[in-house]
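K.L.:
Please see the structure below; I have some questions.
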Amino acid sequence: MKPFILFSFLLAFLTNSMSQNIPSESIYDIQIDKLSGEPLDLSTYKDQYILFVNVASECGFTGQYEGLQKLFDTYNENLMVIGVPCNQFGSQEPGTAQEIQTFCQANYGVTFLMTEKIDVKGKNQHPLYLWLTDKSKNGKKSTTVKWNFQKYLIGPKGELIDYYYSITKPLSSKITKHLE
C-alpha cells in the first residue's frame, strides 16, 4: 500500500472510531426541574459521577430507595444520585410532587436529589432521557427504559458509562467499581 493511501485509511479509521464515543450534545445543557419546581443545573455536578434512576413509589423495586440512599451516603463526595419520578410503568408513581417528596423522606430518609415527574420513553420523552437512551446524543449506546428503577451512570466528564436494569441493586459492584 502506498504511504499516502495508508495514511488516509488510518486517518479515516481513527476519525470514525473517535467520533463514535463523543456525545453530540452535553448532558449538562439539558434542562430539568427539581421536584420542588426549581431549575436543576446539571453542570453543578461536572467532575462528579451522576446516577439517574427513574423511580416510582408503588413498585416492587421501591425498596431500592434504601440502597440508593446508602450509595449516596457512601460516595457523596464524588457522586450525585438523582431520582426521576415516572408514572409510565404500571401507573406506579401517581402522586403529586409533594406526595412523592413526603413518601421518600418519611419511608426511606431520601436526601439525594429528586426531579419533577417526567416521561422516560415515548412521544413525550423528556430530553434528559432522550440523551440517556440515544447513541446519537450520548455517543455510546442506544437503550430502552424497560421498567422503574433502571439506572444510568454518567462519568465526571459528562460521558455515559453504562446503564443497569432494575434488578441491579444500587450497591452492586457493577456500579460501585466505577466510584472507587
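Here, A, B, ... name the chains of the C-alpha cells in the order displayed, residue numbers run from 1 inside each chain, and ligands are numbered from 1 in the same displayed order.
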Give me, as a ChimeraX atom specification, all polymer residues having an atom no more than 9 Å from A:Thr44, counting only C-alpha atoms and skipping those fewer than 4 positions away in the same chain.

P.N.:
/A:28,40,48

K.L.:
Would you tabulate, counting only C-alpha atoms, all residues of stretch 150-178 of chain A that have an atom at most 12 Å from an atom of stretch 120-135 of chain A, showing the closest pair of atoms and their distance in Å to one decimal, sorted by chain then ascending number, as JSON lines?

P.N.:
```
{"residue": "A:Gln150", "atom": "CA", "partner": "A:Val120", "partner_atom": "CA", "distance": 10.4}
{"residue": "A:Lys151", "atom": "CA", "partner": "A:Leu132", "partner_atom": "CA", "distance": 10.0}
{"residue": "A:Tyr152", "atom": "CA", "partner": "A:Leu132", "partner_atom": "CA", "distance": 7.2}
{"residue": "A:Leu153", "atom": "CA", "partner": "A:Leu132", "partner_atom": "CA", "distance": 9.3}
{"residue": "A:Ile154", "atom": "CA", "partner": "A:Leu132", "partner_atom": "CA", "distance": 9.1}
{"residue": "A:Gly158", "atom": "CA", "partner": "A:Leu132", "partner_atom": "CA", "distance": 11.0}
{"residue": "A:Glu159", "atom": "CA", "partner": "A:Leu132", "partner_atom": "CA", "distance": 9.9}
{"residue": "A:Leu160", "atom": "CA", "partner": "A:Leu132", "partner_atom": "CA", "distance": 7.4}
{"residue": "A:Ile161", "atom": "CA", "partner": "A:Leu132", "partner_atom": "CA", "distance": 10.3}
{"residue": "A:Asp162", "atom": "CA", "partner": "A:Leu132", "partner_atom": "CA", "distance": 9.6}
{"residue": "A:Tyr163", "atom": "CA", "partner": "A:Leu132", "partner_atom": "CA", "distance": 8.8}
{"residue": "A:Tyr164", "atom": "CA", "partner": "A:Leu132", "partner_atom": "CA", "distance": 11.9}
```

K.L.:
Between A:Asn138, A:Leu171, A:Thr115, A:Ile82, which is the closest to A:Gln98 once you count only C-alpha atoms?

P.N.:
A:Thr115

K.L.:
Which of stretch 48-168 of chain A end up as alpha helix (DSSP H) when DSSP is run on this backbone - answer as a ChimeraX atom specification?

P.N.:
/A:64-75,97-108,127-133,135-138

K.L.:
Using only C-alpha atoms for the distances, tell me which of A:Pro170, A:Gly139, A:Gly83, A:Gly155 is nearest to A:Glu25.

P.N.:
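Of A:Pro170, A:Gly139, A:Gly83, A:Gly155, the one nearest A:Glu25, counting only C-alpha atoms, is A:Gly139.
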
K.L.:
Between A:Gly37, A:Gly90, A:Gly63, A:Pro156, which has the minimum distance to A:Lys117 (counting only C-alpha atoms)?

P.N.:
A:Gly37

K.L.:
Taking only C-alpha atoms into account, name the residue in A:Gln69, A:Ser26, A:Thr102, A:Ser57 that is nearest to A:Pro85.

P.N.:
A:Ser57

K.L.:
Out of A:Trp147, A:Gly67, A:Ala97, A:Asn78, which residue has the shortest atom-to-atom distance to A:Ser172 when counting only C-alpha atoms?

P.N.:
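Smallest distance to A:Ser172 is found for A:Gly67.
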
K.L.:
Using only C-alpha atoms, pick whichever of A:Gln64, A:Gln105, A:Asn148, A:Thr168 has the shortest atom-to-atom distance to A:Glu93.

P.N.:
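Of A:Gln64, A:Gln105, A:Asn148, A:Thr168, the one nearest A:Glu93 is A:Asn148, counting only C-alpha atoms.
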
K.L.:
Which residues are close to A:Leu71, i.e. within 12 Å by only C-alpha atoms, leaving aside same-chain residues fewer than 4 positions away? Reply as a PDB file with C-alpha atoms, in the first residue's frame.

P.N.:
```pdb
ATOM      1  CA  TYR A  49     -20.485  10.901  38.780  1.00  0.00           C
ATOM      2  CA  ILE A  50     -24.254  11.134  38.397  1.00  0.00           C
ATOM      3  CA  LEU A  51     -26.583   8.159  38.736  1.00  0.00           C
ATOM      4  CA  GLN A  64     -34.209   0.285  46.275  1.00  0.00           C
ATOM      5  CA  TYR A  65     -34.654   3.804  47.643  1.00  0.00           C
ATOM      6  CA  GLU A  66     -32.849   2.490  50.733  1.00  0.00           C
ATOM      7  CA  GLY A  67     -29.902   1.250  48.660  1.00  0.00           C
ATOM      8  CA  TYR A  75     -19.961   8.107  47.739  1.00  0.00           C
ATOM      9  CA  ASN A  76     -21.438  11.623  48.066  1.00  0.00           C
ATOM     10  CA  GLU A  77     -18.047  13.302  47.665  1.00  0.00           C
ATOM     11  CA  ASN A  78     -17.911  12.226  44.018  1.00  0.00           C
ATOM     12  CA  LEU A  79     -21.454  11.022  43.239  1.00  0.00           C
ATOM     13  CA  MET A  80     -24.875  12.625  42.929  1.00  0.00           C
ATOM     14  CA  VAL A  81     -27.849  10.291  42.844  1.00  0.00           C
ATOM     15  CA  ILE A  82     -30.812  11.821  41.031  1.00  0.00           C
ATOM     16  CA  VAL A 110     -34.056  10.273  50.988  1.00  0.00           C
ATOM     17  CA  THR A 111     -31.670  13.234  50.869  1.00  0.00           C
ATOM     18  CA  PHE A 112     -30.420  12.837  47.290  1.00  0.00           C
ATOM     19  CA  LYS A 169     -29.131  -3.192  43.140  1.00  0.00           C
ATOM     20  CA  PRO A 170     -27.745   0.298  43.805  1.00  0.00           C
ATOM     21  CA  LEU A 171     -24.765  -1.044  45.781  1.00  0.00           C
ATOM     22  CA  SER A 172     -23.894  -3.639  43.131  1.00  0.00           C
ATOM     23  CA  SER A 173     -20.211  -3.841  42.230  1.00  0.00           C
ATOM     24  CA  ILE A 175     -21.934   0.359  39.760  1.00  0.00           C
ATOM     25  CA  THR A 176     -19.577   0.868  42.696  1.00  0.00           C
ATOM     26  CA  LEU A 179     -16.879   5.072  42.019  1.00  0.00           C
ATOM     27  CA  GLU A 180     -13.933   3.689  43.994  1.00  0.00           C
TER      28      GLU A 180
END
```

K.L.:
Find the spatial neighbours of A:Ser91, counting only C-alpha atoms, within a cut-off of 9 Å - ignore same-chain residues fewer than 5 positions away - and output them as number ranges by chain.

P.N.:
A: 56, 58, 86

K.L.:
When DSSP works through the backbone of this structure, what residues of chain A end up as strand (DSSP E), shown as a PyMOL selection string?

P.N.:
chain A and resi 32-33+39-40+49-55+79-85+113-114+151-154+160-164

K.L.:
So the first atom is atom CA of A:Gln101 and the second is atom CA of A:Ser166; what is the distance between them in Å, to one decimal place?

P.N.:
21.2 Å
